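**Q** protein-v1.txt is reproduced in full below (compact mmCIF, C-alpha atoms).
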# COMPACT_ATOMS: atom_id res chain seq x y z
CA MET A 1 -10.11 18.93 16.08
CA THR A 2 -12.64 16.17 16.69
CA PHE A 3 -14.50 14.80 13.71
CA GLY A 4 -16.35 11.67 12.73
CA GLN A 5 -15.60 11.22 9.05
CA LEU A 6 -13.36 12.51 6.28
CA ARG A 7 -15.16 12.08 2.96
CA LEU A 8 -14.06 12.36 -0.65
CA ASP A 9 -16.99 12.65 -3.07
CA GLY A 10 -16.09 12.12 -6.72
CA VAL A 11 -12.69 13.79 -6.29
CA SER A 12 -11.01 14.37 -9.65
CA ARG A 13 -7.85 16.13 -10.81
CA SER A 14 -6.86 16.74 -14.42
CA PHE A 15 -3.65 18.10 -15.91
CA GLY A 16 -4.62 19.46 -19.31
CA THR A 17 -6.51 16.66 -21.05
CA ALA A 18 -5.03 13.92 -18.83
CA ASN A 19 -6.94 12.64 -15.79
CA ALA A 20 -4.55 12.00 -12.90
CA LEU A 21 -7.46 11.16 -10.60
CA SER A 22 -10.96 10.27 -11.68
CA GLY A 23 -14.03 10.23 -9.43
CA LEU A 24 -12.52 9.00 -6.15
CA ASP A 25 -15.25 8.20 -3.59
CA LEU A 26 -13.94 7.32 -0.15
CA ALA A 27 -15.18 7.72 3.44
CA ILE A 28 -12.54 7.53 6.19
CA ALA A 29 -13.63 7.12 9.80
CA ARG A 30 -11.91 8.85 12.70
CA GLY A 31 -8.96 6.72 13.84
CA GLU A 32 -8.82 4.69 10.63
CA PHE A 33 -5.57 3.93 8.77
CA VAL A 34 -6.15 3.93 4.99
CA ALA A 35 -3.42 3.16 2.46
CA LEU A 36 -3.55 4.41 -1.14
CA LEU A 37 -1.73 1.71 -3.07
CA GLY A 38 -0.49 1.39 -6.63
CA PRO A 39 2.48 1.84 -8.96
CA SER A 40 4.03 5.17 -9.92
CA GLY A 41 1.63 7.36 -11.87
CA CYS A 42 -1.55 5.67 -10.62
CA GLY A 43 -2.89 8.81 -8.88
CA LYS A 44 -2.18 8.05 -5.23
CA SER A 45 0.08 11.07 -4.55
CA THR A 46 -2.31 13.28 -6.52
CA ALA A 47 -5.12 12.16 -4.20
CA LEU A 48 -3.00 12.94 -1.14
CA ASN A 49 -2.03 16.38 -2.47
CA CYS A 50 -5.69 17.15 -3.17
CA LEU A 51 -6.51 16.18 0.42
CA ALA A 52 -3.70 18.37 1.74
CA GLY A 53 -4.83 21.34 -0.35
CA LEU A 54 -1.61 21.41 -2.36
CA LEU A 55 -3.56 20.72 -5.58
CA PRO A 56 -7.00 22.19 -6.44
CA LEU A 57 -9.74 19.81 -7.51
CA THR A 58 -11.14 19.82 -11.02
CA GLY A 59 -14.18 17.87 -9.85
CA GLY A 60 -15.84 16.57 -6.70
CA SER A 61 -15.56 17.72 -3.09
CA ILE A 62 -13.85 16.94 0.24
CA TRP A 63 -15.69 17.05 3.56
CA LEU A 64 -14.87 16.86 7.27
CA ASP A 65 -18.24 15.78 8.62
CA ASP A 66 -20.62 18.54 7.40
CA THR A 67 -17.89 21.05 6.55
CA ARG A 68 -16.66 21.26 2.98
CA ILE A 69 -12.91 21.87 3.03
CA ASP A 70 -11.67 21.57 -0.56
CA GLY A 71 -11.86 25.36 -0.94
CA GLN A 72 -9.71 25.95 2.16
CA PRO A 73 -5.95 26.59 1.92
CA PRO A 74 -3.65 23.91 3.43
CA GLU A 75 -2.99 25.81 6.66
CA GLN A 76 -6.70 26.08 7.46
CA ARG A 77 -7.28 22.35 7.04
CA GLY A 78 -4.83 21.67 9.86
CA PHE A 79 -3.68 18.30 8.54
CA GLY A 80 -0.29 16.88 9.49
CA MET A 81 1.97 15.98 6.56
CA VAL A 82 4.94 13.59 6.43
CA PHE A 83 6.93 13.79 3.21
CA GLN A 84 9.19 11.29 1.48
CA ASN A 85 12.21 13.59 1.80
CA TYR A 86 11.52 14.60 5.46
CA ALA A 87 11.55 18.39 4.58
CA LEU A 88 13.32 19.34 7.83
CA PHE A 89 14.91 22.75 8.39
CA PRO A 90 18.67 22.01 8.42
CA HIS A 91 19.55 25.10 10.50
CA MET A 92 17.10 24.23 13.28
CA SER A 93 17.51 21.76 16.12
CA VAL A 94 15.25 18.74 16.43
CA ARG A 95 13.23 20.54 19.10
CA ALA A 96 12.85 23.65 16.93
CA ASN A 97 11.81 21.57 13.91
CA VAL A 98 9.14 19.75 15.90
CA GLY A 99 7.85 22.95 17.47
CA PHE A 100 7.86 25.06 14.31
CA GLY A 101 4.18 24.55 13.51
CA LEU A 102 3.16 25.38 17.07
CA LYS A 103 5.21 28.58 16.89
CA MET A 104 3.48 29.59 13.64
CA ARG A 105 0.14 29.01 15.34
CA LYS A 106 1.24 31.15 18.28
CA VAL A 107 0.64 28.41 20.83
CA ALA A 108 1.58 29.51 24.36
CA ARG A 109 5.23 28.76 25.11
CA ALA A 110 4.59 26.47 28.10
CA ASP A 111 1.94 24.48 26.21
CA ALA A 112 4.17 24.25 23.14
CA ARG A 113 7.08 22.96 25.21
CA ARG A 114 4.88 20.33 26.83
CA ARG A 115 3.56 19.15 23.47
CA VAL A 116 7.02 19.03 21.90
CA ASP A 117 8.36 17.05 24.86
CA GLU A 118 5.51 14.56 24.51
CA ALA A 119 6.01 14.22 20.74
CA LEU A 120 9.75 13.63 21.17
CA ARG A 121 9.02 11.01 23.82
CA LEU A 122 6.57 9.25 21.53
CA VAL A 123 9.13 8.94 18.72
CA GLN A 124 11.93 8.13 21.19
CA LEU A 125 14.09 11.16 20.37
CA THR A 126 14.17 12.95 23.73
CA ASP A 127 17.94 12.50 23.99
CA HIS A 128 18.44 14.01 20.52
CA ALA A 129 16.39 17.19 21.00
CA ALA A 130 19.40 19.55 20.74
CA LYS A 131 20.89 17.93 17.62
CA PHE A 132 20.52 19.16 14.06
CA PRO A 133 19.11 17.05 11.19
CA ALA A 134 22.56 16.45 9.66
CA GLN A 135 23.61 14.74 12.91
CA LEU A 136 20.78 12.19 12.68
CA SER A 137 20.35 8.94 10.76
CA GLY A 138 17.68 8.65 8.07
CA GLY A 139 15.37 6.83 10.43
CA GLN A 140 15.81 9.47 13.12
CA GLN A 141 15.11 12.25 10.63
CA GLN A 142 11.89 10.52 9.63
CA ARG A 143 10.93 10.28 13.30
CA VAL A 144 11.43 14.05 13.58
CA ALA A 145 9.15 14.56 10.57
CA ILE A 146 6.49 12.35 12.17
CA ALA A 147 6.80 14.16 15.52
CA ARG A 148 6.41 17.51 13.74
CA ALA A 149 3.17 16.25 12.18
CA VAL A 150 1.60 14.74 15.31
CA VAL A 151 2.57 17.58 17.68
CA LEU A 152 -0.09 19.73 15.99
CA GLU A 153 -2.73 17.23 17.15
CA PRO A 154 -4.18 17.23 13.62
CA PRO A 155 -7.50 15.68 12.64
CA VAL A 156 -5.72 13.74 9.86
CA VAL A 157 -2.09 12.79 9.18
CA LEU A 158 -1.10 12.44 5.51
CA MET A 159 2.00 10.36 4.71
CA ASP A 160 3.52 10.32 1.22
CA GLU A 161 5.88 7.32 0.73
CA PRO A 162 7.57 8.14 4.07
CA LEU A 163 9.80 5.04 4.16
CA SER A 164 10.99 4.84 0.56
CA ASN A 165 14.35 6.51 1.26
CA LEU A 166 15.28 4.12 4.08
CA ASP A 167 17.18 0.84 3.88
CA ALA A 168 15.35 -2.45 4.42
CA LYS A 169 16.09 -2.75 8.15
CA LEU A 170 15.08 0.84 8.89
CA ARG A 171 11.92 0.49 6.79
CA LEU A 172 10.83 -2.44 8.93
CA GLU A 173 11.62 -0.59 12.17
CA MET A 174 9.82 2.58 11.06
CA ARG A 175 6.85 0.59 9.82
CA MET A 176 6.39 -0.81 13.33
CA GLU A 177 6.94 2.68 14.77
CA ILE A 178 4.23 4.21 12.58
CA ARG A 179 1.78 1.46 13.54
CA ARG A 180 2.61 1.92 17.24
CA LEU A 181 2.02 5.69 17.02
CA HIS A 182 -1.23 5.17 15.15
CA GLN A 183 -2.51 2.81 17.82
CA THR A 184 -1.23 4.93 20.72
CA LEU A 185 -2.63 8.24 19.49
CA GLY A 186 -5.68 7.00 17.60
CA LEU A 187 -4.53 8.97 14.55
CA THR A 188 -6.58 9.14 11.38
CA THR A 189 -3.97 8.35 8.74
CA VAL A 190 -3.93 8.40 4.93
CA TYR A 191 -0.78 6.68 3.73
CA VAL A 192 0.57 6.56 0.16
CA THR A 193 2.79 3.65 -0.87
CA HIS A 194 3.69 1.46 -3.83
CA ASP A 195 4.81 -1.34 -1.48
CA GLN A 196 2.05 -3.93 -1.03
CA GLU A 197 3.74 -5.56 1.99
CA GLU A 198 3.94 -2.16 3.70
CA ALA A 199 0.28 -1.46 2.98
CA LEU A 200 -0.87 -4.90 4.16
CA SER A 201 1.00 -4.61 7.45
CA LEU A 202 -0.09 -1.06 8.30
CA ALA A 203 -3.54 -0.30 6.97
CA ASP A 204 -7.06 -1.01 8.15
CA ARG A 205 -8.23 -0.58 4.54
CA LEU A 206 -6.52 -0.47 1.16
CA VAL A 207 -7.48 1.61 -1.86
CA VAL A 208 -5.87 0.14 -4.99
CA LEU A 209 -5.58 2.67 -7.83
CA ARG A 210 -4.80 2.35 -11.53
CA ASP A 211 -4.52 5.27 -13.96
CA GLY A 212 -6.35 7.51 -11.49
CA ALA A 213 -9.30 5.15 -11.02
CA VAL A 214 -10.15 2.97 -8.02
CA GLN A 215 -9.86 -0.75 -8.71
CA GLN A 216 -10.71 -2.10 -5.26
CA ILE A 217 -11.33 -0.88 -1.71
CA GLY A 218 -11.20 -3.41 1.11
CA THR A 219 -9.45 -4.74 4.17
CA PRO A 220 -5.95 -6.15 3.68
CA GLU A 221 -7.39 -9.65 3.95
CA GLU A 222 -10.03 -8.97 1.28
CA VAL A 223 -7.66 -7.40 -1.22
CA TYR A 224 -4.97 -10.03 -0.63
CA ALA A 225 -7.20 -13.10 -0.87
CA GLN A 226 -10.07 -11.83 -3.03
CA PRO A 227 -8.73 -9.41 -5.67
CA VAL A 228 -11.55 -8.24 -7.92
CA ASN A 229 -9.62 -8.33 -11.20
CA SER A 230 -6.33 -9.47 -12.70
CA TYR A 231 -4.72 -6.03 -12.25
CA VAL A 232 -5.25 -6.09 -8.48
CA ALA A 233 -4.20 -9.74 -8.37
CA SER A 234 -0.97 -8.93 -10.22
CA PHE A 235 -0.19 -6.02 -7.91
CA MET A 236 -0.93 -8.11 -4.81
CA GLY A 237 1.56 -10.83 -5.70
CA TYR A 238 -0.30 -13.20 -8.04
CA ARG A 239 2.76 -13.47 -10.26
CA ASN A 240 1.46 -16.28 -12.47
CA LEU A 241 -0.98 -14.69 -14.92
CA LEU A 242 -2.02 -16.96 -17.79
CA ASP A 243 -4.27 -16.24 -20.77
CA VAL A 244 -6.74 -19.14 -21.02
CA THR A 245 -10.21 -20.07 -22.21
CA VAL A 246 -13.09 -21.17 -19.96
CA THR A 247 -14.28 -24.58 -21.15
CA GLY A 248 -16.69 -25.41 -18.34
CA ALA A 249 -18.39 -23.79 -15.36
CA ALA A 250 -20.55 -25.07 -12.50
CA GLY A 251 -21.36 -22.47 -9.86
CA THR A 252 -18.08 -20.90 -8.80
CA SER A 253 -16.03 -23.84 -10.11
CA VAL A 254 -14.46 -23.05 -13.48
CA THR A 255 -12.41 -25.23 -15.83
CA VAL A 256 -9.91 -23.46 -18.10
CA GLU A 257 -7.48 -24.50 -20.81
CA GLY A 258 -4.67 -22.75 -22.63
CA ALA A 259 -1.07 -21.58 -22.19
CA GLY A 260 -0.10 -25.25 -21.83
CA VAL A 261 -2.36 -25.91 -18.83
CA ARG A 262 -5.72 -27.40 -17.94
CA LEU A 263 -6.85 -26.16 -14.54
CA THR A 264 -9.85 -26.03 -12.27
CA GLY A 265 -10.28 -22.79 -10.37
CA ARG A 266 -12.86 -20.43 -8.94
CA GLY A 267 -14.62 -17.61 -10.72
CA SER A 268 -17.95 -16.55 -12.18
CA LEU A 269 -17.25 -16.56 -15.91
CA ALA A 270 -19.13 -18.40 -18.63
CA GLN A 271 -17.27 -19.91 -21.57
CA GLY A 272 -14.83 -17.63 -23.34
CA PRO A 273 -11.47 -15.89 -22.88
CA ALA A 274 -10.19 -15.49 -19.32
CA LYS A 275 -7.08 -14.86 -17.26
CA VAL A 276 -5.86 -17.13 -14.48
CA ALA A 277 -3.98 -15.78 -11.44
CA ILE A 278 -1.95 -17.96 -9.03
CA ARG A 279 0.42 -16.94 -6.24
CA PRO A 280 3.89 -18.54 -6.31
CA GLU A 281 3.49 -19.65 -2.67
CA ASP A 282 0.23 -21.49 -3.46
CA PHE A 283 1.97 -24.11 -5.60
CA VAL A 284 2.92 -27.40 -3.91
CA VAL A 285 5.84 -29.47 -5.17
CA GLY A 286 5.27 -33.24 -5.52
CA ASP A 287 2.84 -35.83 -6.84
CA GLY A 288 -0.73 -36.21 -5.65
CA THR A 289 -1.70 -32.53 -5.85
CA GLU A 290 -4.61 -30.93 -7.70
CA ASN A 291 -4.01 -29.16 -11.00
CA ALA A 292 -0.71 -30.96 -11.58
CA LEU A 293 1.86 -29.39 -13.94
CA ASP A 294 5.22 -30.77 -15.07
CA VAL A 295 7.90 -28.08 -15.19
CA THR A 296 11.61 -27.68 -15.82
CA VAL A 297 13.51 -25.48 -13.37
CA GLU A 298 15.45 -22.56 -14.89
CA ILE A 299 16.40 -20.16 -12.08
CA VAL A 300 16.57 -20.75 -8.32
CA GLU A 301 16.87 -17.89 -5.82
CA TYR A 302 17.77 -18.60 -2.21
CA HIS A 303 15.50 -16.92 0.37
CA GLY A 304 16.59 -18.61 3.57
CA ARG A 305 14.05 -21.29 4.51
CA GLU A 306 12.63 -21.47 1.01
CA LEU A 307 13.56 -21.05 -2.62
CA SER A 308 11.99 -18.82 -5.23
CA VAL A 309 11.90 -20.79 -8.48
CA SER A 310 11.41 -19.73 -12.09
CA ALA A 311 10.46 -22.69 -14.30
CA ARG A 312 8.80 -23.45 -17.64
CA LEU A 313 6.08 -25.76 -18.84
CA GLU A 314 6.73 -28.04 -21.81
CA ASN A 315 5.34 -25.43 -24.20
CA GLY A 316 7.62 -22.71 -22.78
CA THR A 317 5.10 -20.90 -20.58
CA PRO A 318 6.92 -19.45 -17.52
CA VAL A 319 5.74 -20.50 -14.05
CA TYR A 320 6.90 -19.11 -10.71
CA PHE A 321 6.65 -20.96 -7.41
CA ARG A 322 8.17 -21.08 -3.93
CA THR A 323 9.25 -24.23 -2.10
CA ASP A 324 11.37 -25.50 0.78
CA LYS A 325 12.52 -28.45 -1.32
CA ARG A 326 16.03 -28.36 -2.77
CA LEU A 327 15.93 -27.78 -6.52
CA ALA A 328 18.55 -26.79 -9.07
CA PRO A 329 18.46 -25.40 -12.64
CA GLY A 330 17.71 -28.21 -15.10
CA ASP A 331 15.66 -30.28 -12.65
CA THR A 332 12.22 -31.48 -13.72
CA THR A 333 9.49 -31.67 -11.13
CA ARG A 334 5.73 -31.77 -10.72
CA ILE A 335 3.85 -28.94 -9.04
CA GLY A 336 0.19 -28.50 -8.28
CA VAL A 337 -2.19 -25.98 -6.76
CA PRO A 338 -5.54 -26.37 -4.94
CA ALA A 339 -8.49 -25.30 -7.05
CA GLU A 340 -9.59 -22.69 -4.51
CA ARG A 341 -6.24 -20.91 -5.00
CA VAL A 342 -6.67 -20.62 -8.77
CA LEU A 343 -8.52 -17.35 -9.49
CA VAL A 344 -10.22 -16.89 -12.86
CA PHE A 345 -10.96 -13.35 -14.08
CA GLU A 346 -12.20 -11.61 -17.18
CA PRO A 347 -9.30 -11.15 -19.64
Once you've parsed the file, please lay out its structure as structure tokens.
**A**
Amino acid sequence: MTFGQLRLDGVSRSFGTANALSGLDLAIARGEFVALLGPSGCGKSTALNCLAGLLPLTGGSIWLDDTRIDGQPPEQRGFGMVFQNYALFPHMSVRANVGFGLKMRKVARADARRRVDEALRLVQLTDHAAKFPAQLSGGQQQRVAIARAVVLEPPVVLMDEPLSNLDAKLRLEMRMEIRRLHQTLGLTTVYVTHDQEEALSLADRLVVLRDGAVQQIGTPEEVYAQPVNSYVASFMGYRNLLDVTVTGAAGTSVTVEGAGVRLTGRGSLAQGPAKVAIRPEDFVVGDGTENALDVTVEIVEYHGRELSVSARLENGTPVYFRTDKRLAPGDTTRIGVPAERVLVFEP
């Protein structure tokens, strides 16, 4: 099916008096890869299940171009679905699993065989076509699940935490595989994940959710570097979150004090309570840096070329930073951070 845009207009889903999803507005272009991102319980899987037709809406509508589809059952929407637990038929071969949807749609045998062969080639499982799921690794089973989704040539592929059951090495390999397939086939993909690194590496746009409500929609670069509030900043790796007070402002330059620090950062707040967000990797160890802080090292974690350090200011406020300099628990050192890397938000 060829289409131009998948659109969610004010999509909501309630369970009793609780809103799992509240007024989601989102337009997805054909060929776009969109990631729904957030912690457990934020509404991302609810949104995906509403798209798939597995959950009815309690408000809003879903459109494929000019056709409203939220009243259609899942099989009429024709979307491909990749689940977290693969959902393969254990008694069927790889080939039979991949071709099951085509069989249900009564696709001609020769055409079905051609499409299954092509899907197996795309996920590099041609040599495993006669095997059963129990004979495959976790990564191979997930490839079968992806092949089963794309063989239907769906307008949209929906993926619900597809890599969460894999080990770290397989997750990285499958992440690259999913991106390759997306680029090769021009798939329109909606991808649910709680892993910000996964979302940043895969998606064209991110939708960050909290308690069923959208916090920010933007490119990976926008959400990573320009979070709109402290919640998004925290979720995107700004581990240092300090409660402070704005004591001066000139344009986008803001001076804050509190929590044992006096910093200059960027924001648009007038005087009053605020929250500062700083990434651990934005701190620089040594004298001569802006926004200098004296800290005592408490915990050092080895990460190959650099260390992840947990330290404290003189007043006990915890600070987290990363460095390639050798430090040990008990060391005192000075760290600093450029003003443009200090984000100041409403509290």
**Q** One decimal, Å: what's the distance from CA of Leu24 (chain A) over to CA of Gly60 (chain A), could you say?
**A**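 Computing it gives 8.3 Å between the two atoms.
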**Q** Between A:Asn97, A:Thr252, A:Ser308, A:Gln196, which residue has the minimum interatomic distance to Val151 (chain A), considering all atoms listed in the file?
**A**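 Going through A:Asn97, A:Thr252, A:Ser308, A:Gln196 one by one, the smallest distance to Val151 (chain A) is for A:Asn97.
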**Q** Please indicate the distance in Å from CA of Ser253 (chain A) to CA of Arg266 (chain A), rounded to one decimal place.
**A**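 Pair CA of Ser253 (chain A) / CA of Arg266 (chain A) returns 4.8 Å.
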**Q** So which residues touch Gly38 (chain A) within 6 Å, counting only C-alpha atoms, skipping near sequence neighbours fewer than 5 positions away, as a list in words?
**A**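 Residues meeting the cut-off are His194, Val208 and Leu209 of chain A.
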**Q** Please indicate the distance in Å from CA of Ile146 (chain A) to CA of Val123 (chain A), rounded to one decimal place.
**A**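 The value is 7.8 Å.
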